[in-house]
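Asks: Here you go, coords25.txt (compact mmCIF, C-alpha atoms):
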```
# COMPACT_ATOMS: atom_id res chain seq x y z
CA MET Q 262 273.67 377.62 49.28
CA GLY Q 263 276.37 379.02 51.51
CA LEU Q 264 276.91 380.68 54.87
CA TYR Q 265 277.63 384.38 55.25
CA SER Q 266 278.72 386.75 57.98
CA ILE Q 267 277.11 390.20 58.12
CA SER Q 268 278.78 393.38 59.31
CA ASN Q 269 277.98 397.00 58.45
CA LYS Q 270 275.32 395.81 55.99
CA ILE Q 271 277.90 393.77 54.12
CA LEU Q 272 277.61 390.02 53.56
CA THR Q 273 280.84 388.07 53.43
CA PRO Q 274 280.74 384.42 52.37
CA LEU Q 275 282.31 382.00 54.78
CA GLU Q 276 285.16 379.95 53.40
CA LYS Q 277 284.23 376.31 52.94
CA THR Q 278 286.93 373.93 54.11
CA THR Q 279 287.43 370.21 54.71
CA TYR Q 280 287.98 368.20 57.85
CA SER Q 281 291.28 366.89 56.56
CA ILE Q 282 292.61 370.38 55.86
CA GLU Q 283 291.64 371.42 59.39
CA GLY Q 284 293.33 368.31 60.82
CA LEU Q 285 290.08 366.93 62.23
CA GLN Q 286 289.92 363.15 62.33
CA GLU Q 287 286.74 361.18 61.79
CA ARG Q 288 286.76 359.15 64.99
CA TYR Q 289 288.79 361.10 67.51
CA ASP Q 290 287.44 364.55 66.69
CA LEU Q 291 284.18 364.46 64.75
CA GLN Q 292 282.66 361.36 66.35
CA GLU Q 293 283.71 362.41 69.84
CA ALA Q 294 282.09 365.82 69.42
CA ILE Q 295 278.88 364.48 67.89
CA LYS Q 296 278.27 361.75 70.49
CA ASN Q 297 278.20 364.46 73.17
CA ASN Q 298 275.87 366.64 71.06
CA ILE Q 299 273.78 364.01 69.32
CA GLU Q 300 270.90 366.42 68.67
CA ILE Q 301 272.91 367.79 65.73
CA LEU Q 302 272.05 364.56 63.87
CA ALA Q 303 269.31 362.80 65.84
CA PRO Q 304 267.12 365.02 68.04
CA GLU Q 305 265.54 363.31 71.04
CA SER Q 306 267.95 360.38 70.95
CA LEU Q 307 270.11 358.75 73.61
CA VAL Q 308 273.56 357.41 72.75
CA ILE Q 309 274.03 353.92 74.22
CA SER Q 310 277.23 352.79 72.50
CA GLU Q 311 280.04 353.84 70.16
CA GLU Q 312 282.30 351.75 67.97
CA PHE Q 313 279.74 349.00 68.51
CA SER Q 314 280.84 345.56 67.31
CA ASP Q 315 279.15 342.58 68.94
CA TRP Q 316 279.91 340.18 66.11
CA GLU Q 317 282.84 338.14 64.88
CA ASP Q 318 284.20 340.62 62.37
CA SER Q 319 285.54 343.27 64.74
CA LYS Q 320 286.60 345.48 61.82
CA ARG Q 321 282.94 346.28 61.22
CA ARG Q 322 281.78 348.79 63.80
CA ILE Q 323 278.76 351.05 64.19
CA ASP Q 324 280.14 354.53 64.81
CA ILE Q 325 277.33 355.56 67.17
CA LEU Q 326 274.38 353.48 68.37
CA ALA Q 327 271.43 355.26 69.96
CA ILE Q 328 267.75 354.84 70.80
CA ASP Q 329 264.96 357.33 70.17
CA LYS Q 330 261.89 358.25 72.20
CA GLN Q 331 259.86 355.48 70.57
CA ALA Q 332 262.38 352.85 71.73
CA ASN Q 333 263.73 352.36 68.21
CA LEU Q 334 267.42 351.65 67.67
CA VAL Q 335 269.29 354.31 65.71
CA VAL Q 336 272.39 353.43 63.67
CA ILE Q 337 274.56 356.49 63.01
CA GLU Q 338 277.39 356.34 60.48
CA LEU Q 339 279.91 359.15 60.02
CA LYS Q 340 282.25 360.07 57.18
CA ARG Q 341 284.35 363.16 56.89
CA ASP Q 342 284.82 362.96 53.09
CA GLU Q 343 282.75 364.54 50.33
CA ILE Q 344 281.06 361.45 48.86
CA GLY Q 345 280.05 359.15 51.73
CA ALA Q 346 281.96 356.15 50.32
CA HIS Q 347 279.39 353.31 50.43
CA MET Q 348 278.31 354.20 53.97
CA GLU Q 349 274.66 353.45 53.15
CA LEU Q 350 275.51 349.82 52.39
CA GLN Q 351 277.44 349.49 55.66
CA ALA Q 352 274.62 351.04 57.65
CA VAL Q 353 271.94 348.78 56.16
CA ARG Q 354 274.08 345.75 57.03
CA TYR Q 355 274.53 347.01 60.58
CA ALA Q 356 270.81 347.72 60.95
CA ALA Q 357 270.00 344.16 59.93
CA MET Q 358 272.57 342.73 62.34
CA ILE Q 359 271.20 344.58 65.40
CA SER Q 360 267.52 344.32 64.47
CA THR Q 361 266.98 341.49 66.97
CA MET Q 362 268.61 343.26 69.91
CA SER Q 363 266.61 342.84 73.11
CA PHE Q 364 266.01 345.44 75.78
CA SER Q 365 268.24 343.56 78.24
CA LYS Q 366 271.09 343.48 75.72
CA ALA Q 367 270.71 347.19 75.04
CA CYS Q 368 270.97 347.82 78.79
CA GLU Q 369 274.12 345.70 78.90
CA TYR Q 370 275.79 347.61 76.05
CA TYR Q 371 274.71 350.95 77.52
CA GLN Q 372 276.11 350.01 80.93
CA ASN Q 373 279.47 349.30 79.28
CA TYR Q 374 279.29 352.72 77.61
CA ILE Q 375 278.41 354.35 80.93
CA THR Q 376 281.34 352.69 82.67
CA LYS Q 377 283.76 353.63 79.90
CA ASN Q 378 282.69 357.28 80.03
CA ASN Q 379 282.38 357.49 83.85
CA LEU Q 380 278.77 358.68 83.69
CA GLY Q 381 277.78 357.16 87.03
CA ILE Q 382 274.18 356.23 86.16
CA ASP Q 383 272.17 353.01 85.89
CA ALA Q 384 271.59 351.91 82.30
CA LYS Q 385 268.15 350.35 82.71
CA GLU Q 386 266.75 353.21 84.76
CA ARG Q 387 268.10 355.82 82.34
CA ILE Q 388 266.66 354.10 79.27
CA LEU Q 389 263.25 353.65 80.89
CA GLU Q 390 263.31 357.27 82.00
CA PHE Q 391 264.31 358.40 78.50
CA VAL Q 392 261.60 356.49 76.61
CA GLU Q 393 259.12 357.19 79.45
CA LEU Q 394 257.89 353.62 79.67
CA GLU Q 395 257.73 350.88 82.25
CA ASP Q 396 259.82 347.79 81.51
CA THR Q 397 256.69 345.69 81.03
CA GLU Q 398 255.75 347.87 78.05
CA LEU Q 399 259.00 347.21 76.17
CA VAL Q 400 258.08 343.89 74.59
CA ASP Q 401 258.80 345.36 71.16
CA PHE Q 402 261.97 347.24 72.04
CA GLY Q 403 264.01 347.97 68.93
CA LYS Q 404 261.41 346.56 66.55
CA ASP Q 405 262.24 349.38 64.15
CA VAL Q 406 265.79 350.46 63.29
CA ARG Q 407 266.51 353.93 61.98
CA ILE Q 408 269.61 354.82 59.96
CA ILE Q 409 271.28 358.23 59.95
CA LEU Q 410 274.17 358.95 57.59
CA ALA Q 411 276.29 362.02 58.27
CA SER Q 412 278.99 363.23 55.92
CA ALA Q 413 280.57 366.36 54.51
CA GLY Q 414 278.99 365.39 51.19
CA PHE Q 415 277.10 362.61 49.43
CA SER Q 416 277.55 361.13 45.99
CA LYS Q 417 274.61 360.97 43.59
CA GLU Q 418 274.74 357.17 43.81
CA LEU Q 419 274.38 357.29 47.59
CA THR Q 420 271.48 359.77 47.63
CA THR Q 421 269.70 357.78 44.91
CA THR Q 422 270.09 354.61 46.99
CA ALA Q 423 268.85 356.38 50.14
CA ILE Q 424 265.73 357.67 48.37
CA TRP Q 425 265.04 354.20 46.95
CA LEU Q 426 265.43 352.62 50.40
CA ARG Q 427 262.98 355.14 51.89
CA ASP Q 428 260.48 354.28 49.17
CA LYS Q 429 260.83 350.64 50.24
CA GLY Q 430 260.07 351.50 53.85
CA VAL Q 431 263.57 351.80 55.32
CA ASP Q 432 263.88 354.75 57.72
CA ILE Q 433 267.13 356.26 56.44
CA SER Q 434 268.21 359.90 56.59
CA CYS Q 435 271.18 361.83 55.20
CA VAL Q 436 272.59 364.78 57.11
CA LYS Q 437 275.21 366.96 55.46
CA ILE Q 438 277.75 368.31 57.96
CA THR Q 439 279.72 370.95 56.06
CA PRO Q 440 282.79 372.58 57.69
CA TYR Q 441 283.51 376.29 57.20
CA HIS Q 442 286.51 378.36 58.22
CA PHE Q 443 285.70 381.64 59.95
CA ASP Q 444 287.73 383.95 62.15
CA GLY Q 445 290.26 381.25 62.96
CA LYS Q 446 287.57 378.73 63.92
CA VAL Q 447 285.89 375.78 62.22
CA LEU Q 448 282.12 376.08 62.00
CA ILE Q 449 279.85 373.16 61.05
CA ASN Q 450 276.59 373.59 59.20
CA SER Q 451 274.29 370.60 59.80
CA GLU Q 452 271.59 370.20 57.14
CA GLN Q 453 269.27 367.25 56.62
CA ILE Q 454 269.00 366.68 52.89
CA ILE Q 455 267.11 363.35 52.84
CA PRO Q 456 264.27 363.47 53.54
CA VAL Q 457 263.69 367.19 53.12
CA PRO Q 458 262.30 368.62 56.38
CA GLU Q 459 258.83 369.25 54.93
CA LEU Q 460 258.40 365.58 53.99
CA ASP Q 461 260.01 364.40 57.21
CA GLU Q 462 256.99 365.70 59.15
CA TYR Q 463 254.98 362.76 57.87
CA GLN Q 464 257.67 360.36 59.12
CA VAL Q 465 257.61 362.02 62.54
CA LYS Q 466 253.88 361.45 62.79
CA PHE Q 467 254.41 357.81 61.88
CA ARG Q 468 257.01 357.41 64.63
CA GLU Q 469 254.63 358.91 67.18
CA LYS Q 470 252.25 356.03 66.48
CA ARG Q 471 254.94 353.52 67.45
CA ILE Q 472 254.26 354.06 71.12
CA GLU Q 473 250.73 352.72 70.63
CA GLN Q 474 252.10 349.65 68.86
CA ILE Q 475 254.66 349.04 71.62
CA SER Q 476 251.99 349.00 74.30
CA SER Q 477 249.36 347.06 72.34
CA SER Q 478 251.38 344.31 70.62
CA ASN Q 479 252.11 340.92 72.17
CA LYS Q 480 249.03 341.21 74.37
CA SER Q 481 249.61 337.75 75.75
CA ASP Q 482 252.51 339.19 77.77
CA ARG Q 483 250.41 341.92 79.35
CA ASP Q 484 248.99 341.91 82.85
CA TYR Q 485 245.20 341.62 83.07
CA SER Q 486 244.85 341.82 86.85
CA ARG Q 487 241.56 343.29 88.08
CA TYR Q 488 240.85 345.15 91.31
CA ASN Q 489 237.81 346.04 93.36
CA TYR Q 490 237.67 349.56 94.75
CA LYS Q 491 234.49 351.10 96.20
CA GLY Q 492 232.41 348.35 94.60
CA VAL Q 493 233.76 348.98 91.08
CA THR Q 494 236.09 346.69 89.11
CA TYR Q 495 239.18 348.32 87.51
CA ASN Q 496 242.22 347.24 85.53
CA LYS Q 497 245.53 348.50 86.85
CA ARG Q 498 245.83 351.69 84.78
CA ASN Q 499 242.28 352.85 85.56
CA LEU Q 500 242.68 351.89 89.20
CA ALA Q 501 245.80 354.05 89.47
CA LEU Q 502 243.91 356.99 87.98
CA VAL Q 503 240.97 356.69 90.39
CA VAL Q 504 243.12 356.06 93.46
CA ILE Q 505 245.47 359.00 92.82
CA THR Q 506 242.48 361.25 92.08
CA ASP Q 507 240.87 360.28 95.40
CA TRP Q 508 244.15 360.71 97.27
CA ILE Q 509 244.54 364.23 95.85
CA GLU Q 510 240.95 365.08 96.82
CA LYS Q 511 241.57 363.79 100.36
CA HIS Q 512 244.88 365.58 100.99
CA ASN Q 513 244.44 368.62 98.71
CA PRO Q 514 248.12 369.39 97.89
CA GLU Q 515 248.49 373.06 97.08
CA ASN Q 516 250.36 372.61 93.79
CA LEU Q 517 252.07 370.11 91.51
CA GLU Q 518 255.45 370.54 93.16
CA THR Q 519 253.99 369.71 96.57
CA LEU Q 520 252.08 366.76 95.15
CA LYS Q 521 255.17 365.25 93.54
CA HIS Q 522 257.18 365.81 96.71
CA LYS Q 523 254.65 363.96 98.85
CA LEU Q 524 254.54 361.05 96.40
CA SER Q 525 258.24 361.07 95.45
CA HIS Q 526 258.94 357.76 97.19
CA VAL Q 527 255.90 356.13 95.59
CA ILE Q 528 255.73 357.19 91.94
CA LYS Q 529 258.11 358.49 89.29
CA GLN Q 530 258.27 362.19 88.45
CA ARG Q 531 256.71 361.66 85.02
CA THR Q 532 253.65 359.83 86.45
CA ILE Q 533 251.85 363.15 86.97
CA ALA Q 534 252.31 365.95 84.43
CA LEU Q 535 250.87 369.30 83.51
CA VAL Q 536 248.32 368.85 80.73
CA GLU Q 537 249.81 371.75 78.76
CA GLN Q 538 253.15 369.93 78.60
CA ILE Q 539 251.71 366.67 77.26
CA THR Q 540 252.18 366.89 73.51
CA GLY Q 541 252.83 364.64 70.53
CA TYR Q 542 253.36 360.96 71.25
CA LYS Q 543 253.13 361.64 75.01
CA LYS Q 544 249.35 362.01 74.71
CA ASN Q 545 249.10 358.24 74.36
CA ARG Q 546 250.75 357.77 77.76
CA TYR Q 547 248.34 359.79 79.90
CA HIS Q 548 244.67 359.88 80.84
CA ILE Q 549 243.81 363.14 79.08
CA ASN Q 550 240.05 362.92 78.59
CA ASP Q 551 238.25 365.88 80.15
CA ASP Q 552 236.75 363.71 82.92
CA ASP Q 553 240.20 362.37 83.84
CA ILE Q 554 242.05 365.67 84.18
CA ILE Q 555 242.58 366.87 87.76
CA GLU Q 556 242.58 370.53 88.83
CA LEU Q 557 244.77 371.30 91.84
CA SER Q 558 244.20 374.09 94.36
CA SER Q 559 246.77 376.14 92.48
CA GLY Q 560 244.66 375.97 89.33
CA GLU Q 561 247.17 373.68 87.64
CA MET Q 562 245.58 371.06 85.40
CA VAL Q 563 247.34 367.71 85.65
CA ALA Q 564 246.99 364.27 84.09
CA ILE Q 565 247.94 360.81 85.36
CA SER Q 566 250.08 358.33 83.44
CA ASN Q 567 248.43 355.20 82.06
CA GLN Q 568 251.74 353.31 82.01
CA TRP Q 569 251.83 351.04 85.08
CA SER Q 570 253.86 347.92 85.72
CA ILE Q 571 252.92 345.48 88.47
CA GLY Q 572 255.77 346.76 90.63
CA SER Q 573 254.86 350.44 90.28
CA LEU Q 574 251.19 349.75 91.00
CA ASP Q 575 252.08 347.64 94.06
CA ARG Q 576 254.05 350.56 95.51
CA LEU Q 577 251.08 352.87 95.00
CA LEU Q 578 248.58 350.42 96.52
CA LYS Q 579 250.78 349.79 99.56
CA PHE Q 580 250.99 353.55 100.11
CA VAL Q 581 247.26 354.29 99.85
CA ARG Q 582 246.26 351.21 101.86
CA GLU Q 583 248.35 352.57 104.73
CA ASP Q 584 246.25 355.72 104.33
CA GLY Q 585 243.00 353.78 104.79
CA PHE Q 586 242.11 352.98 101.18
CA ILE Q 587 240.46 349.56 100.81
CA ILE Q 588 241.43 347.84 97.54
CA GLU Q 589 241.13 344.13 96.79
CA GLN Q 590 242.62 342.21 93.90
CA ILE Q 591 240.09 340.01 92.19
CA LYS Q 592 241.23 336.40 91.96
CA ASP Q 593 240.52 334.45 88.78
```
Kindly transcribe the structure held in the file into structure tokens.
Replies:
Amino acid sequence: MGLYSISNKILTPLEKTTYSIEGLQERYDLQEAIKNNIEILAPESLVISEEFSDWEDSKRRIDILAIDKQANLVVIELKRDEIGAHMELQAVRYAAMISTMSFSKACEYYQNYITKNNLGIDAKERILEFVELEDTELVDFGKDVRIILASAGFSKELTTTAIWLRDKGVDISCVKITPYHFDGKVLINSEQIIPVPELDEYQVKFREKRIEQISSSNKSDRDYSRYNYKGVTYNKRNLALVVITDWIEKHNPENLETLKHKLSHVIKQRTIALVEQITGYKKNRYHINDDDIIELSSGEMVAISNQWSIGSLDRLLKFVREDGFIIEQIKD
């Protein structure tokens, strides 16, 4: 398959080139461009480090390290040649070496990346915002490691190895990034070849289930506090739902924008969302049963997050108690 330009009903094939011919270097050109446009290889991912090497052999470096929406680590290896040159073996080694990375360590590495690139943001807050979780729900951060290989071409040996690894349960993908010369410019065609997109849909569905595993595993670390409100006992996530619902009924904000503005100093923006925008894995993070959905005066249908840490719930309770709500924590 090739790329073509069309003009006056005439198709003209684009001239395939190489990165070396175009004078594009692997690290200083290709990697730099991709890290700032990571969706070309890994949609819905956040780059947290480049040239990562937190081990004794400093010659071995992960080109780009990222996390995805399910809080999995993503190892991205780049090659500009036509065969991939054993990159799958390097990537598997790197994946094994970072498989035990903790959330706090990831924040540390990301903060270094932020400082180096003058991004001016807080690492922990950005990661939590990106994965849309509270820090108490990240007990299994990085439990899975994904591998993405990107090259101008792949040898048969490499693709055979990648397919075999996938059959054994390793989440590895191959993305072909082919350069073309056109009108004095270099164009790049990004095409995932392993797994083929049709089969990858099944893998996506599997990843969406990871959010349930993150919030349900290691239950001994979870908070089981109970609260009494209007004579009924609630856990923290159900208490937050009932309290916010009652607060909305009492103050009747005209629309979602007004509601978020009034609660901006109490809850995060993602705590309340339009039902129509809650799709995929996000459905596991909200109260979306029919009885839980709230209709605002504007007609907007909104849902409340079920992800609450002790700190975020304390802020909410302090706010509503000042508004006359009577809530008592039940002591064991």
Asks: Just the number, please: distance in Å from atom CA of Tyr355 of chain Q to atom CA of Thr420 of chain Q, one decimal.
Replies: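 Computing the Euclidean distance for atom CA of Tyr355 of chain Q and atom CA of Thr420 of chain Q yields 18.4 Å.
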Asks: Kindly indicate which residue among Q:Asn489, Q:Thr273, Q:Thr532, Q:Asn373 lies nearest to Ser573 of chain Q, using only C-alpha atoms for the distances.
Replies: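 Selected residue with least distance to Ser573 of chain Q: Q:Thr532.
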Asks: What does the structure give for the distance between atom CA of Ser451 of chain Q and atom CA of Leu334 of chain Q, in Å to one decimal?
Replies: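 If I compute the distance from atom CA of Ser451 of chain Q to atom CA of Leu334 of chain Q, I get 21.6 Å.
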Asks: Which neighbours of Ile382 of chain Q fall inside 12 Å, counting all atoms listed in the file, when residues of the same chain fewer than 5 positions from it are skipped, and could you give them as a list in words?
Replies: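 Listing them by chain and then by number gives Cys368, Tyr371, Gln372, Asn373, Tyr374, Ile375, Thr376, Lys377, Arg387, Ile388 and Glu390 of chain Q.
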Asks: Kindly extract all protein, DNA and RNA residues lying within 12 Å of the coordinates (244.3, 373.9, 92.3) given in the file, considering all atoms listed in the file, and supply them as a ChimeraX atom specification.
Replies: /Q:509-510,513-520,535,554-563
Asks: To one decimal in Å, tell me the separation between atom CA of Tyr370 of chain Q and atom CA of Ile309 of chain Q.
Replies: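 Atom-to-atom, atom CA of Tyr370 of chain Q and atom CA of Ile309 of chain Q are spaced 6.8 Å apart.
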Asks: Pick out the closest residue to His526 of chain Q from this set: Q:Arg487, Q:Lys437, Q:Lys592, Q:Lys579. Count all atoms listed in the file.
Replies: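 Closest candidate: Q:Lys579.
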Asks: With all atoms listed in the file as the atoms that count, which of Q:Lys277, Q:Arg576, Q:Lys491, Q:Lys417 lies nearest to Thr439 of chain Q?
Replies: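 The answer is Q:Lys277, which sits nearest to Thr439 of chain Q.
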Asks: Write out as a PyMOL selection string each polymer residue whose atoms come within 8 Å of Lys404 of chain Q, counting all atoms listed in the file; drop sequence neighbours fewer than 5 positions from it.
Replies: chain Q and resi 333-334+360-361
Asks: Some atoms are missing, so please complete segment 355-377 of chain Q with N, CA, C and O atoms and return it as a compact mmCIF listing (two decimals), in the coordinates of the input.
Replies:
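Written file, part05.txt:
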```txt
# COMPACT_ATOMS: atom_id res chain seq x y z
N TYR Q 355 274.52 346.89 59.13
CA TYR Q 355 274.53 347.01 60.58
C TYR Q 355 273.11 346.98 61.15
O TYR Q 355 272.85 346.36 62.19
N ALA Q 356 272.20 347.68 60.48
CA ALA Q 356 270.81 347.72 60.95
C ALA Q 356 270.21 346.32 60.99
O ALA Q 356 269.50 345.96 61.93
N ALA Q 357 270.50 345.53 59.97
CA ALA Q 357 270.00 344.16 59.93
C ALA Q 357 270.60 343.33 61.06
O ALA Q 357 269.91 342.51 61.69
N MET Q 358 271.87 343.54 61.35
CA MET Q 358 272.57 342.73 62.34
C MET Q 358 272.11 343.02 63.77
O MET Q 358 272.16 342.16 64.64
N ILE Q 359 271.64 344.25 64.04
CA ILE Q 359 271.20 344.58 65.40
C ILE Q 359 269.69 344.57 65.54
O ILE Q 359 269.16 344.88 66.61
N SER Q 360 268.98 344.22 64.47
CA SER Q 360 267.52 344.32 64.47
C SER Q 360 266.86 343.43 65.52
O SER Q 360 265.71 343.66 65.89
N THR Q 361 267.56 342.40 65.97
CA THR Q 361 266.98 341.49 66.97
C THR Q 361 267.45 341.80 68.39
O THR Q 361 267.21 341.01 69.31
N MET Q 362 268.11 342.92 68.58
CA MET Q 362 268.61 343.26 69.91
C MET Q 362 267.48 343.39 70.91
O MET Q 362 266.48 344.06 70.65
N SER Q 363 267.62 342.77 72.05
CA SER Q 363 266.61 342.84 73.11
C SER Q 363 266.87 344.03 74.02
O SER Q 363 267.95 344.64 74.01
N PHE Q 364 265.87 344.35 74.83
CA PHE Q 364 266.01 345.44 75.78
C PHE Q 364 267.13 345.15 76.79
O PHE Q 364 267.93 346.03 77.12
N SER Q 365 267.21 343.91 77.26
CA SER Q 365 268.24 343.56 78.24
C SER Q 365 269.63 343.71 77.65
O SER Q 365 270.57 344.15 78.33
N LYS Q 366 269.79 343.33 76.38
CA LYS Q 366 271.09 343.48 75.72
C LYS Q 366 271.44 344.96 75.55
O LYS Q 366 272.60 345.36 75.74
N ALA Q 367 270.46 345.75 75.19
CA ALA Q 367 270.71 347.19 75.04
C ALA Q 367 271.17 347.79 76.36
O ALA Q 367 272.08 348.63 76.39
N CYS Q 368 270.55 347.34 77.46
CA CYS Q 368 270.97 347.82 78.79
C CYS Q 368 272.41 347.41 79.08
O CYS Q 368 273.19 348.18 79.65
N GLU Q 369 272.77 346.20 78.68
CA GLU Q 369 274.12 345.70 78.90
C GLU Q 369 275.14 346.54 78.14
O GLU Q 369 276.18 346.95 78.69
N TYR Q 370 274.86 346.81 76.86
CA TYR Q 370 275.79 347.61 76.05
C TYR Q 370 275.87 349.05 76.59
O TYR Q 370 276.95 349.64 76.63
N TYR Q 371 274.72 349.58 76.99
CA TYR Q 371 274.71 350.95 77.52
C TYR Q 371 275.48 351.03 78.83
O TYR Q 371 276.18 352.02 79.08
N GLN Q 372 275.37 350.00 79.67
CA GLN Q 372 276.11 350.01 80.93
C GLN Q 372 277.61 350.01 80.67
O GLN Q 372 278.38 350.68 81.38
N ASN Q 373 278.05 349.28 79.65
CA ASN Q 373 279.47 349.30 79.28
C ASN Q 373 279.89 350.70 78.84
O ASN Q 373 280.97 351.18 79.18
N TYR Q 374 279.01 351.36 78.07
CA TYR Q 374 279.29 352.72 77.61
C TYR Q 374 279.35 353.69 78.79
O TYR Q 374 280.22 354.56 78.86
N ILE Q 375 278.44 353.52 79.74
CA ILE Q 375 278.41 354.35 80.93
C ILE Q 375 279.69 354.20 81.74
O ILE Q 375 280.30 355.18 82.19
N THR Q 376 280.12 352.95 81.92
CA THR Q 376 281.34 352.69 82.67
C THR Q 376 282.55 353.29 81.99
O THR Q 376 283.41 353.93 82.63
N LYS Q 377 282.63 353.11 80.67
CA LYS Q 377 283.76 353.63 79.90
C LYS Q 377 283.86 355.15 79.99
O LYS Q 377 284.95 355.72 80.05
```
